[in-house]
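Chemist: Structure file entry_27.pdb (PDB, N, CA and C atoms and all ligand atoms) is given on the next line.
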ATOM      1  N   MET A   1       0.853  -1.192   0.000
ATOM      2  CA  MET A   1       0.000   0.000   0.000
ATOM      3  C   MET A   1       0.889   1.243   0.000
ATOM      4  N   ILE A   2       0.542   2.213  -0.836
ATOM      5  CA  ILE A   2       1.295   3.462  -0.896
ATOM      6  C   ILE A   2       0.431   4.581  -0.331
ATOM      7  N   ILE A   3       0.970   5.311   0.613
ATOM      8  CA  ILE A   3       0.261   6.462   1.162
ATOM      9  C   ILE A   3       0.990   7.716   0.717
ATOM     10  N   ALA A   4       0.238   8.628   0.095
ATOM     11  CA  ALA A   4       0.844   9.859  -0.408
ATOM     12  C   ALA A   4       1.334  10.719   0.744
ATOM     13  N   THR A   5       2.557  11.218   0.635
ATOM     14  CA  THR A   5       3.084  12.120   1.654
ATOM     15  C   THR A   5       3.469  13.459   1.049
ATOM     16  N   ASP A   6       3.232  13.622  -0.231
ATOM     17  CA  ASP A   6       3.663  14.842  -0.915
ATOM     18  C   ASP A   6       2.502  15.817  -1.116
ATOM     19  N   MET A   7       1.652  15.905  -0.133
ATOM     20  CA  MET A   7       0.509  16.801  -0.246
ATOM     21  C   MET A   7       0.925  18.255  -0.014
ATOM     22  N   PRO A   8       0.197  19.203  -0.637
ATOM     23  CA  PRO A   8       0.411  20.611  -0.288
ATOM     24  C   PRO A   8       0.081  20.823   1.187
ATOM     25  N   GLU A   9       0.877  21.626   1.849
ATOM     26  CA  GLU A   9       0.696  21.864   3.273
ATOM     27  C   GLU A   9      -0.398  22.904   3.528
ATOM     28  N   VAL A  10      -1.165  22.698   4.594
ATOM     29  CA  VAL A  10      -2.070  23.756   5.058
ATOM     30  C   VAL A  10      -1.230  24.659   5.961
ATOM     31  N   ALA A  11      -0.681  25.730   5.382
ATOM     32  CA  ALA A  11       0.312  26.554   6.073
ATOM     33  C   ALA A  11      -0.297  27.310   7.246
ATOM     34  N   LYS A  12      -1.582  27.669   7.115
ATOM     35  CA  LYS A  12      -2.227  28.437   8.175
ATOM     36  C   LYS A  12      -3.729  28.240   8.081
ATOM     37  N   CYS A  13      -4.396  28.186   9.236
ATOM     38  CA  CYS A  13      -5.859  28.213   9.235
ATOM     39  C   CYS A  13      -6.316  29.091  10.399
ATOM     40  N   ALA A  14      -7.105  30.080  10.075
ATOM     41  CA  ALA A  14      -7.546  31.069  11.071
ATOM     42  C   ALA A  14      -8.866  30.682  11.735
ATOM     43  N   VAL A  15      -9.385  29.506  11.440
ATOM     44  CA  VAL A  15     -10.713  29.112  11.932
ATOM     45  C   VAL A  15     -10.552  28.381  13.266
ATOM     46  N   THR A  16     -10.424  29.169  14.343
ATOM     47  CA  THR A  16     -10.028  28.613  15.637
ATOM     48  C   THR A  16     -11.099  27.730  16.273
ATOM     49  N   GLN A  17     -12.360  27.839  15.862
ATOM     50  CA  GLN A  17     -13.399  26.999  16.476
ATOM     51  C   GLN A  17     -13.457  25.587  15.916
ATOM     52  N   CYS A  18     -12.648  25.298  14.910
ATOM     53  CA  CYS A  18     -12.637  23.958  14.313
ATOM     54  C   CYS A  18     -11.871  22.979  15.202
ATOM     55  N   ALA A  19     -12.383  21.757  15.319
ATOM     56  CA  ALA A  19     -11.767  20.728  16.169
ATOM     57  C   ALA A  19     -10.324  20.424  15.774
ATOM     58  N   PHE A  20      -9.981  20.632  14.511
ATOM     59  CA  PHE A  20      -8.635  20.301  14.033
ATOM     60  C   PHE A  20      -7.660  21.462  14.195
ATOM     61  N   ASN A  21      -8.150  22.591  14.744
ATOM     62  CA  ASN A  21      -7.325  23.802  14.815
ATOM     63  C   ASN A  21      -6.775  24.024  16.217
ATOM     64  N   THR A  22      -5.452  24.190  16.302
ATOM     65  CA  THR A  22      -4.824  24.771  17.487
ATOM     66  C   THR A  22      -3.732  25.698  17.003
ATOM     67  N   ASP A  23      -3.554  26.809  17.675
ATOM     68  CA  ASP A  23      -2.512  27.786  17.350
ATOM     69  C   ASP A  23      -2.566  28.240  15.889
ATOM     70  N   ASP A  24      -3.763  28.479  15.381
ATOM     71  CA  ASP A  24      -3.940  28.968  13.998
ATOM     72  C   ASP A  24      -3.339  28.026  12.960
ATOM     73  N   ALA A  25      -3.364  26.739  13.260
ATOM     74  CA  ALA A  25      -2.871  25.760  12.296
ATOM     75  C   ALA A  25      -3.794  24.552  12.289
ATOM     76  N   CYS A  26      -3.848  23.889  11.132
ATOM     77  CA  CYS A  26      -4.689  22.702  10.988
ATOM     78  C   CYS A  26      -3.868  21.450  11.261
ATOM     79  N   HIS A  27      -4.405  20.555  12.100
ATOM     80  CA  HIS A  27      -3.672  19.347  12.481
ATOM     81  C   HIS A  27      -4.399  18.070  12.084
ATOM     82  N   ALA A  28      -5.356  18.194  11.154
ATOM     83  CA  ALA A  28      -5.933  16.985  10.562
ATOM     84  C   ALA A  28      -4.834  16.291   9.753
ATOM     85  N   ARG A  29      -4.992  15.015   9.470
ATOM     86  CA  ARG A  29      -4.004  14.344   8.625
ATOM     87  C   ARG A  29      -4.056  14.935   7.211
ATOM     88  N   ALA A  30      -5.273  15.043   6.701
ATOM     89  CA  ALA A  30      -5.476  15.634   5.383
ATOM     90  C   ALA A  30      -6.874  16.226   5.345
ATOM     91  N   ILE A  31      -7.026  17.286   4.584
ATOM     92  CA  ILE A  31      -8.335  17.917   4.443
ATOM     93  C   ILE A  31      -8.806  17.809   2.998
ATOM     94  N   THR A  32     -10.114  17.979   2.832
ATOM     95  CA  THR A  32     -10.717  18.001   1.502
ATOM     96  C   THR A  32     -11.360  19.368   1.310
ATOM     97  N   ILE A  33     -11.115  19.951   0.155
ATOM     98  CA  ILE A  33     -11.660  21.276  -0.152
ATOM     99  C   ILE A  33     -12.756  21.172  -1.205
ATOM    100  N   GLY A  34     -13.865  21.834  -0.911
ATOM    101  CA  GLY A  34     -14.971  22.252  -1.750
ATOM    102  C   GLY A  34     -15.502  21.466  -2.918
ATOM    103  N   ASP A  35     -16.199  22.166  -3.762
ATOM    104  CA  ASP A  35     -16.756  21.574  -4.975
ATOM    105  C   ASP A  35     -17.064  22.678  -5.984
ATOM    106  N   GLY A  36     -16.932  22.345  -7.233
ATOM    107  CA  GLY A  36     -17.272  23.288  -8.307
ATOM    108  C   GLY A  36     -16.469  24.567  -8.203
ATOM    109  N   ALA A  37     -17.170  25.681  -7.945
ATOM    110  CA  ALA A  37     -16.495  26.969  -7.799
ATOM    111  C   ALA A  37     -16.470  27.409  -6.335
ATOM    112  N   ASN A  38     -16.826  26.500  -5.410
ATOM    113  CA  ASN A  38     -16.902  26.836  -3.988
ATOM    114  C   ASN A  38     -15.726  26.227  -3.224
ATOM    115  N   PRO A  39     -14.749  27.056  -2.798
ATOM    116  CA  PRO A  39     -13.548  26.507  -2.149
ATOM    117  C   PRO A  39     -13.687  26.329  -0.637
ATOM    118  N   GLY A  40     -14.819  25.861  -0.153
ATOM    119  CA  GLY A  40     -15.018  25.653   1.282
ATOM    120  C   GLY A  40     -14.201  24.483   1.812
ATOM    121  N   CYS A  41     -13.876  24.514   3.126
ATOM    122  CA  CYS A  41     -13.186  23.385   3.740
ATOM    123  C   CYS A  41     -14.216  22.343   4.158
ATOM    124  N   ASP A  42     -14.237  21.211   3.468
ATOM    125  CA  ASP A  42     -15.193  20.136   3.775
ATOM    126  C   ASP A  42     -14.908  19.480   5.119
ATOM    127  N   THR A  43     -13.686  19.616   5.614
ATOM    128  CA  THR A  43     -13.276  18.916   6.832
ATOM    129  C   THR A  43     -13.590  19.739   8.081
ATOM    130  N   PHE A  44     -13.994  20.990   7.908
ATOM    131  CA  PHE A  44     -14.342  21.870   9.036
ATOM    132  C   PHE A  44     -15.322  21.186   9.984
ATOM    133  N   PHE A  45     -15.010  21.237  11.283
ATOM    134  CA  PHE A  45     -15.834  20.595  12.301
ATOM    135  C   PHE A  45     -15.883  21.523  13.514
ATOM    136  N   ASP A  46     -16.989  22.247  13.648
ATOM    137  CA  ASP A  46     -17.158  23.191  14.747
ATOM    138  C   ASP A  46     -17.352  22.400  16.037
ATOM    139  N   ASN A  47     -16.396  22.470  16.944
ATOM    140  CA  ASN A  47     -16.433  21.625  18.136
ATOM    141  C   ASN A  47     -15.642  22.265  19.274
ATOM    142  N   SER A  48     -16.102  22.068  20.523
ATOM    143  CA  SER A  48     -15.390  22.678  21.648
ATOM    144  C   SER A  48     -14.101  21.928  21.978
ATOM    145  N   GLN A  49     -14.094  20.617  21.753
ATOM    146  CA  GLN A  49     -12.867  19.843  22.004
ATOM    147  C   GLN A  49     -11.988  19.873  20.762
ATOM    148  N   HIS A  50     -10.674  20.067  20.980
ATOM    149  CA  HIS A  50      -9.759  20.174  19.846
ATOM    150  C   HIS A  50      -8.715  19.067  19.871
ATOM    151  N   THR A  51      -8.180  18.770  18.719
ATOM    152  CA  THR A  51      -7.188  17.703  18.600
ATOM    153  C   THR A  51      -5.927  17.981  19.419
ATOM    154  N   ASP A  52      -5.284  16.910  19.884
ATOM    155  CA  ASP A  52      -3.990  17.026  20.560
ATOM    156  C   ASP A  52      -2.833  16.916  19.579
ATOM    157  N   SER A  53      -3.140  16.566  18.337
ATOM    158  CA  SER A  53      -2.089  16.318  17.356
ATOM    159  C   SER A  53      -1.298  17.586  17.056
ATOM    160  N   ASP A  54      -0.007  17.428  16.777
ATOM    161  CA  ASP A  54       0.782  18.583  16.346
ATOM    162  C   ASP A  54       1.277  18.423  14.910
ATOM    163  N   ARG A  55       0.748  17.434  14.196
ATOM    164  CA  ARG A  55       1.134  17.287  12.792
ATOM    165  C   ARG A  55       0.586  18.457  11.978
ATOM    166  N   THR A  56       1.187  18.715  10.845
ATOM    167  CA  THR A  56       0.690  19.731   9.922
ATOM    168  C   THR A  56      -0.147  19.040   8.859
ATOM    169  N   ALA A  57      -1.353  19.569   8.634
ATOM    170  CA  ALA A  57      -2.270  18.947   7.674
ATOM    171  C   ALA A  57      -1.805  19.145   6.239
ATOM    172  N   GLY A  58      -2.206  18.199   5.402
ATOM    173  CA  GLY A  58      -2.020  18.332   3.965
ATOM    174  C   GLY A  58      -3.380  18.451   3.282
ATOM    175  N   VAL A  59      -3.344  18.856   2.018
ATOM    176  CA  VAL A  59      -4.575  18.887   1.224
ATOM    177  C   VAL A  59      -4.666  17.558   0.484
ATOM    178  N   GLY A  60      -5.565  16.690   0.971
ATOM    179  CA  GLY A  60      -5.664  15.354   0.407
ATOM    180  C   GLY A  60      -6.384  15.339  -0.929
ATOM    181  N   ALA A  61      -7.406  16.174  -1.045
ATOM    182  CA  ALA A  61      -8.199  16.207  -2.268
ATOM    183  C   ALA A  61      -8.864  17.561  -2.388
ATOM    184  N   CYS A  62      -9.087  17.979  -3.619
ATOM    185  CA  CYS A  62      -9.791  19.235  -3.857
ATOM    186  C   CYS A  62     -10.731  19.072  -5.035
ATOM    187  N   LYS A  63     -11.995  19.392  -4.800
ATOM    188  CA  LYS A  63     -13.020  19.223  -5.829
ATOM    189  C   LYS A  63     -13.322  20.520  -6.575
ATOM    190  N   VAL A  64     -12.495  21.550  -6.321
ATOM    191  CA  VAL A  64     -12.750  22.855  -6.942
ATOM    192  C   VAL A  64     -12.064  22.914  -8.315
ATOM    193  N   THR A  65     -12.702  22.335  -9.295
ATOM    194  CA  THR A  65     -12.106  22.283 -10.637
ATOM    195  C   THR A  65     -11.997  23.666 -11.261
ATOM    196  N   ASP A  66     -12.707  24.637 -10.692
ATOM    197  CA  ASP A  66     -12.669  26.011 -11.179
ATOM    198  C   ASP A  66     -11.392  26.746 -10.746
ATOM    199  N   CYS A  67     -10.601  26.151  -9.840
ATOM    200  CA  CYS A  67      -9.390  26.825  -9.329
ATOM    201  C   CYS A  67      -8.201  26.532 -10.239
ATOM    202  N   SER A  68      -7.391  27.556 -10.490
ATOM    203  CA  SER A  68      -6.240  27.393 -11.379
ATOM    204  C   SER A  68      -5.170  26.470 -10.795
ATOM    205  N   HIS A  69      -5.200  26.240  -9.481
ATOM    206  CA  HIS A  69      -4.232  25.316  -8.857
ATOM    207  C   HIS A  69      -4.703  23.867  -8.909
ATOM    208  N   ASN A  70      -5.919  23.633  -9.395
ATOM    209  CA  ASN A  70      -6.461  22.277  -9.385
ATOM    210  C   ASN A  70      -5.983  21.487 -10.595
ATOM    211  N   ASP A  71      -5.436  20.315 -10.311
ATOM    212  CA  ASP A  71      -4.950  19.450 -11.378
ATOM    213  C   ASP A  71      -5.468  18.040 -11.098
ATOM    214  N   ASP A  72      -6.368  17.575 -11.906
ATOM    215  CA  ASP A  72      -6.894  16.216 -11.767
ATOM    216  C   ASP A  72      -7.519  15.980 -10.384
ATOM    217  N   PHE A  73      -8.267  16.958  -9.898
ATOM    218  CA  PHE A  73      -8.988  16.896  -8.621
ATOM    219  C   PHE A  73      -8.061  16.887  -7.401
ATOM    220  N   GLU A  74      -6.836  17.378  -7.624
ATOM    221  CA  GLU A  74      -5.908  17.550  -6.507
ATOM    222  C   GLU A  74      -5.343  18.967  -6.562
ATOM    223  N   CYS A  75      -4.830  19.417  -5.425
ATOM    224  CA  CYS A  75      -4.258  20.757  -5.353
ATOM    225  C   CYS A  75      -2.787  20.702  -5.730
ATOM    226  N   SER A  76      -2.353  21.586  -6.625
ATOM    227  CA  SER A  76      -0.959  21.612  -7.065
ATOM    228  C   SER A  76      -0.209  22.821  -6.518
ATOM    229  N   ALA A  77      -0.836  23.597  -5.612
ATOM    230  CA  ALA A  77      -0.128  24.715  -4.975
ATOM    231  C   ALA A  77       0.925  24.156  -4.007
ATOM    232  N   ASP A  78       1.947  24.949  -3.668
ATOM    233  CA  ASP A  78       2.952  24.507  -2.696
ATOM    234  C   ASP A  78       2.329  24.378  -1.310
ATOM    235  N   SER A  79       1.478  25.326  -0.979
ATOM    236  CA  SER A  79       0.785  25.311   0.307
ATOM    237  C   SER A  79      -0.466  26.159   0.156
ATOM    238  N   ILE A  80      -1.386  26.004   1.108
ATOM    239  CA  ILE A  80      -2.600  26.828   1.074
ATOM    240  C   ILE A  80      -2.836  27.449   2.440
ATOM    241  N   GLN A  81      -3.715  28.453   2.457
ATOM    242  CA  GLN A  81      -4.171  29.029   3.709
ATOM    243  C   GLN A  81      -5.690  28.942   3.735
ATOM    244  N   VAL A  82      -6.221  28.700   4.926
ATOM    245  CA  VAL A  82      -7.666  28.584   5.104
ATOM    246  C   VAL A  82      -8.109  29.643   6.115
ATOM    247  N   GLY A  83      -9.286  30.202   5.894
ATOM    248  CA  GLY A  83      -9.815  31.204   6.818
ATOM    249  C   GLY A  83     -11.263  31.500   6.504
ATOM    250  N   LYS A  84     -11.817  32.464   7.237
ATOM    251  CA  LYS A  84     -13.207  32.867   7.026
ATOM    252  C   LYS A  84     -13.300  33.792   5.817
ATOM    253  N   SER A  85     -14.326  33.565   5.031
ATOM    254  CA  SER A  85     -14.641  34.456   3.935
ATOM    255  C   SER A  85     -16.155  34.665   4.006
ATOM    256  N   GLY A  86     -16.576  35.805   4.555
ATOM    257  CA  GLY A  86     -17.990  35.978   4.882
ATOM    258  C   GLY A  86     -18.364  34.960   5.941
ATOM    259  N   ASN A  87     -19.416  34.184   5.716
ATOM    260  CA  ASN A  87     -19.817  33.142   6.654
ATOM    261  C   ASN A  87     -19.235  31.785   6.293
ATOM    262  N   SER A  88     -18.398  31.735   5.276
ATOM    263  CA  SER A  88     -17.850  30.458   4.823
ATOM    264  C   SER A  88     -16.441  30.243   5.351
ATOM    265  N   VAL A  89     -16.064  28.969   5.449
ATOM    266  CA  VAL A  89     -14.702  28.578   5.809
ATOM    267  C   VAL A  89     -14.037  28.150   4.510
ATOM    268  N   ASN A  90     -13.145  28.998   4.010
ATOM    269  CA  ASN A  90     -12.668  28.809   2.635
ATOM    270  C   ASN A  90     -11.167  28.628   2.514
ATOM    271  N   CYS A  91     -10.761  27.960   1.440
ATOM    272  CA  CYS A  91      -9.370  27.996   0.997
ATOM    273  C   CYS A  91      -9.125  29.387   0.430
ATOM    274  N   LEU A  92      -8.225  30.143   1.090
ATOM    275  CA  LEU A  92      -7.973  31.523   0.664
ATOM    276  C   LEU A  92      -6.970  31.574  -0.491
ATOM    277  N   THR A  93      -6.398  30.440  -0.828
ATOM    278  CA  THR A  93      -5.428  30.361  -1.934
ATOM    279  C   THR A  93      -6.143  30.133  -3.261
ATOM    280  N   TYR A  94      -7.441  29.890  -3.189
ATOM    281  CA  TYR A  94      -8.273  29.712  -4.391
ATOM    282  C   TYR A  94      -8.037  30.852  -5.378
ATOM    283  N   SER A  95      -7.872  30.492  -6.623
ATOM    284  CA  SER A  95      -7.695  31.484  -7.680
ATOM    285  C   SER A  95      -8.494  31.006  -8.891
ATOM    286  N   ALA A  96      -9.510  31.757  -9.247
ATOM    287  CA  ALA A  96     -10.404  31.338 -10.344
ATOM    288  C   ALA A  96      -9.631  31.226 -11.662
ATOM    289  N   ARG A  97      -9.945  30.224 -12.445
ATOM    290  CA  ARG A  97      -9.368  30.100 -13.784
ATOM    291  C   ARG A  97      -9.915  31.236 -14.640
ATOM    292  N   HIS A  98      -9.063  31.744 -15.523
ATOM    293  CA  HIS A  98      -9.531  32.847 -16.381
ATOM    294  C   HIS A  98      -9.972  32.313 -17.727
TER
HETATM  295  S1  LIG B   1      -8.247  23.768   7.444
HETATM  296 FE1  LIG B   1     -10.391  23.055   7.679
HETATM  297  S2  LIG B   1     -10.221  21.192   8.973
HETATM  298 FE2  LIG B   1      -8.299  22.310   9.155
HETATM  299  S3  LIG B   1      -8.512  23.581  11.002
HETATM  300 FE3  LIG B   1      -9.104  24.835   9.229
HETATM  301  S4  LIG B   1     -11.316  24.605   9.033
HETATM  302 FE4  LIG B   1     -10.577  22.924  10.340
HETATM  303  S1  LIG B   2      -5.651  26.393  -3.941
HETATM  304 FE1  LIG B   2      -7.293  25.780  -5.347
HETATM  305  S2  LIG B   2      -6.817  23.641  -5.872
HETATM  306 FE2  LIG B   2      -5.690  24.150  -3.991
HETATM  307  S3  LIG B   2      -7.039  23.523  -2.301
HETATM  308 FE3  LIG B   2      -7.413  25.717  -2.692
HETATM  309  S4  LIG B   2      -9.177  25.728  -4.089
HETATM  310 FE4  LIG B   2      -8.297  23.650  -4.158
END
Let me see the structure of the file written as structure tokens.
Ligand code: SF4
Ligand code: SF4

Modeler:
Amino acid sequence: MIIATDMPEVAKCAVTQCAFNTDDACHARAITIGDGANPGCDTFFDNSQHTDSDRTAGVGACKVTDCSHNDDFECSADSIQVGKSGNSVNCLTYSARH
């Protein structure tokens, strides 16, 4: 079995109420981002208890085919940042294809 370890890093996440967030960083093993033209964080989990993990999350999959960093349903950016955008929890590295 091969497990991918070359995922883009979640360099920062400002969504402190998420269970995977401590110290403005995401500590899930991997996250999944959005769909279509919506770059929301699918892994967001609003919870009072937070993970003890100190690993840095990777972007395991991204369904935002409208993003210029998306290649074959995966993210090809070096790293991404996640934060609030209005009422949504979004990948802030999203860049619409022209
Ligand atoms: S990137 Fe998503 S899963 Fe990770 S801490 Fe932020 S909102 Fe939560
Ligand atoms: S930068 Fe684009 S391809 Fe990468 S996770 Fe964000 S929305 Fe998806």

Chemist: Per DSSP on the backbone, filter chain A down to the residues in strand (DSSP E) and report them as JSON, numbers by chain.

Modeler: {"A": [9, 10, 11, 12, 13, 21, 22, 25, 26, 30, 31, 32, 33, 34, 35, 38, 39, 40, 41, 58, 59, 60, 61, 62, 70, 71, 74, 75, 79, 80, 81, 82, 83, 84, 85, 88, 89, 90, 91]}

Chemist: Give me a file of those residues, with N, CA and C atoms, as an mmCIF file, in the coordinates of the input.

Modeler:
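Generated output (again_34.cif):
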data_model
loop_
_atom_site.group_PDB
_atom_site.id
_atom_site.type_symbol
_atom_site.label_atom_id
_atom_site.label_comp_id
_atom_site.auth_asym_id
_atom_site.auth_seq_id
_atom_site.Cartn_x
_atom_site.Cartn_y
_atom_site.Cartn_z
ATOM 1 N N GLU A 9 0.877 21.626 1.849
ATOM 2 C CA GLU A 9 0.696 21.864 3.273
ATOM 3 C C GLU A 9 -0.398 22.904 3.528
ATOM 4 N N VAL A 10 -1.165 22.698 4.594
ATOM 5 C CA VAL A 10 -2.070 23.756 5.058
ATOM 6 C C VAL A 10 -1.230 24.659 5.961
ATOM 7 N N ALA A 11 -0.681 25.730 5.382
ATOM 8 C CA ALA A 11 0.312 26.554 6.073
ATOM 9 C C ALA A 11 -0.297 27.310 7.246
ATOM 10 N N LYS A 12 -1.582 27.669 7.115
ATOM 11 C CA LYS A 12 -2.227 28.437 8.175
ATOM 12 C C LYS A 12 -3.729 28.240 8.081
ATOM 13 N N CYS A 13 -4.396 28.186 9.236
ATOM 14 C CA CYS A 13 -5.859 28.213 9.235
ATOM 15 C C CYS A 13 -6.316 29.091 10.399
ATOM 16 N N ASN A 21 -8.150 22.591 14.744
ATOM 17 C CA ASN A 21 -7.325 23.802 14.815
ATOM 18 C C ASN A 21 -6.775 24.024 16.217
ATOM 19 N N THR A 22 -5.452 24.190 16.302
ATOM 20 C CA THR A 22 -4.824 24.771 17.487
ATOM 21 C C THR A 22 -3.732 25.698 17.003
ATOM 22 N N ALA A 25 -3.364 26.739 13.260
ATOM 23 C CA ALA A 25 -2.871 25.760 12.296
ATOM 24 C C ALA A 25 -3.794 24.552 12.289
ATOM 25 N N CYS A 26 -3.848 23.889 11.132
ATOM 26 C CA CYS A 26 -4.689 22.702 10.988
ATOM 27 C C CYS A 26 -3.868 21.450 11.261
ATOM 28 N N ALA A 30 -5.273 15.043 6.701
ATOM 29 C CA ALA A 30 -5.476 15.634 5.383
ATOM 30 C C ALA A 30 -6.874 16.226 5.345
ATOM 31 N N ILE A 31 -7.026 17.286 4.584
ATOM 32 C CA ILE A 31 -8.335 17.917 4.443
ATOM 33 C C ILE A 31 -8.806 17.809 2.998
ATOM 34 N N THR A 32 -10.114 17.979 2.832
ATOM 35 C CA THR A 32 -10.717 18.001 1.502
ATOM 36 C C THR A 32 -11.360 19.368 1.310
ATOM 37 N N ILE A 33 -11.115 19.951 0.155
ATOM 38 C CA ILE A 33 -11.660 21.276 -0.152
ATOM 39 C C ILE A 33 -12.756 21.172 -1.205
ATOM 40 N N GLY A 34 -13.865 21.834 -0.911
ATOM 41 C CA GLY A 34 -14.971 22.252 -1.750
ATOM 42 C C GLY A 34 -15.502 21.466 -2.918
ATOM 43 N N ASP A 35 -16.199 22.166 -3.762
ATOM 44 C CA ASP A 35 -16.756 21.574 -4.975
ATOM 45 C C ASP A 35 -17.064 22.678 -5.984
ATOM 46 N N ASN A 38 -16.826 26.500 -5.410
ATOM 47 C CA ASN A 38 -16.902 26.836 -3.988
ATOM 48 C C ASN A 38 -15.726 26.227 -3.224
ATOM 49 N N PRO A 39 -14.749 27.056 -2.798
ATOM 50 C CA PRO A 39 -13.548 26.507 -2.149
ATOM 51 C C PRO A 39 -13.687 26.329 -0.637
ATOM 52 N N GLY A 40 -14.819 25.861 -0.153
ATOM 53 C CA GLY A 40 -15.018 25.653 1.282
ATOM 54 C C GLY A 40 -14.201 24.483 1.812
ATOM 55 N N CYS A 41 -13.876 24.514 3.126
ATOM 56 C CA CYS A 41 -13.186 23.385 3.740
ATOM 57 C C CYS A 41 -14.216 22.343 4.158
ATOM 58 N N GLY A 58 -2.206 18.199 5.402
ATOM 59 C CA GLY A 58 -2.020 18.332 3.965
ATOM 60 C C GLY A 58 -3.380 18.451 3.282
ATOM 61 N N VAL A 59 -3.344 18.856 2.018
ATOM 62 C CA VAL A 59 -4.575 18.887 1.224
ATOM 63 C C VAL A 59 -4.666 17.558 0.484
ATOM 64 N N GLY A 60 -5.565 16.690 0.971
ATOM 65 C CA GLY A 60 -5.664 15.354 0.407
ATOM 66 C C GLY A 60 -6.384 15.339 -0.929
ATOM 67 N N ALA A 61 -7.406 16.174 -1.045
ATOM 68 C CA ALA A 61 -8.199 16.207 -2.268
ATOM 69 C C ALA A 61 -8.864 17.561 -2.388
ATOM 70 N N CYS A 62 -9.087 17.979 -3.619
ATOM 71 C CA CYS A 62 -9.791 19.235 -3.857
ATOM 72 C C CYS A 62 -10.731 19.072 -5.035
ATOM 73 N N ASN A 70 -5.919 23.633 -9.395
ATOM 74 C CA ASN A 70 -6.461 22.277 -9.385
ATOM 75 C C ASN A 70 -5.983 21.487 -10.595
ATOM 76 N N ASP A 71 -5.436 20.315 -10.311
ATOM 77 C CA ASP A 71 -4.950 19.450 -11.378
ATOM 78 C C ASP A 71 -5.468 18.040 -11.098
ATOM 79 N N GLU A 74 -6.836 17.378 -7.624
ATOM 80 C CA GLU A 74 -5.908 17.550 -6.507
ATOM 81 C C GLU A 74 -5.343 18.967 -6.562
ATOM 82 N N CYS A 75 -4.830 19.417 -5.425
ATOM 83 C CA CYS A 75 -4.258 20.757 -5.353
ATOM 84 C C CYS A 75 -2.787 20.702 -5.730
ATOM 85 N N SER A 79 1.478 25.326 -0.979
ATOM 86 C CA SER A 79 0.785 25.311 0.307
ATOM 87 C C SER A 79 -0.466 26.159 0.156
ATOM 88 N N ILE A 80 -1.386 26.004 1.108
ATOM 89 C CA ILE A 80 -2.600 26.828 1.074
ATOM 90 C C ILE A 80 -2.836 27.449 2.440
ATOM 91 N N GLN A 81 -3.715 28.453 2.457
ATOM 92 C CA GLN A 81 -4.171 29.029 3.709
ATOM 93 C C GLN A 81 -5.690 28.942 3.735
ATOM 94 N N VAL A 82 -6.221 28.700 4.926
ATOM 95 C CA VAL A 82 -7.666 28.584 5.104
ATOM 96 C C VAL A 82 -8.109 29.643 6.115
ATOM 97 N N GLY A 83 -9.286 30.202 5.894
ATOM 98 C CA GLY A 83 -9.815 31.204 6.818
ATOM 99 C C GLY A 83 -11.263 31.500 6.504
ATOM 100 N N LYS A 84 -11.817 32.464 7.237
ATOM 101 C CA LYS A 84 -13.207 32.867 7.026
ATOM 102 C C LYS A 84 -13.300 33.792 5.817
ATOM 103 N N SER A 85 -14.326 33.565 5.031
ATOM 104 C CA SER A 85 -14.641 34.456 3.935
ATOM 105 C C SER A 85 -16.155 34.665 4.006
ATOM 106 N N SER A 88 -18.398 31.735 5.276
ATOM 107 C CA SER A 88 -17.850 30.458 4.823
ATOM 108 C C SER A 88 -16.441 30.243 5.351
ATOM 109 N N VAL A 89 -16.064 28.969 5.449
ATOM 110 C CA VAL A 89 -14.702 28.578 5.809
ATOM 111 C C VAL A 89 -14.037 28.150 4.510
ATOM 112 N N ASN A 90 -13.145 28.998 4.010
ATOM 113 C CA ASN A 90 -12.668 28.809 2.635
ATOM 114 C C ASN A 90 -11.167 28.628 2.514
ATOM 115 N N CYS A 91 -10.761 27.960 1.440
ATOM 116 C CA CYS A 91 -9.370 27.996 0.997
ATOM 117 C C CYS A 91 -9.125 29.387 0.430
#

Chemist: Output the residue selection produced by the PyMOL selection byres (((chain A and resi 77 and name CA) around 12) and not hetatm and name CA) on the file above, formatted as a list in words.

Modeler: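 Taken on the displayed file, the PyMOL selection byres (((chain A and resi 77 and name CA) around 12) and not hetatm and name CA) yields the residues Asp6, Met7, Pro8, Glu9, Val10, Ala11, Gly58, Val59, Cys62, Cys67, Ser68, His69, Asn70, Asp71, Glu74, Cys75, Ser76, Asp78, Ser79, Ile80, Gln81, Cys91, Leu92, Thr93, Tyr94 and Ser95 of chain A.
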
Chemist: What residues have any atom no more than 6.5 Å from ligand LIG 1 (chain B) when counting all atoms listed in the file, and can you list them as an MDAnalysis selection string?

Modeler: chainID A and resid 12:15 18:22 25:28 31 41:45 82:83 89

Chemist: Mind giving me the straight-line distance from atom FE4 of ligand LIG 2 (chain B) to atom C of Asp35 (chain A) in Å, one decimal?

Modeler: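 These two atoms are separated by 9.0 Å.
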
Chemist: Ranking A:Gly34, A:Asn87, A:Arg29, A:His98 by minimum distance to ligand LIG 2 (chain B) and counting all atoms listed in the file, which one comes first?

Modeler: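 That would be A:Gly34, the residue with the smallest distance to ligand LIG 2 (chain B).
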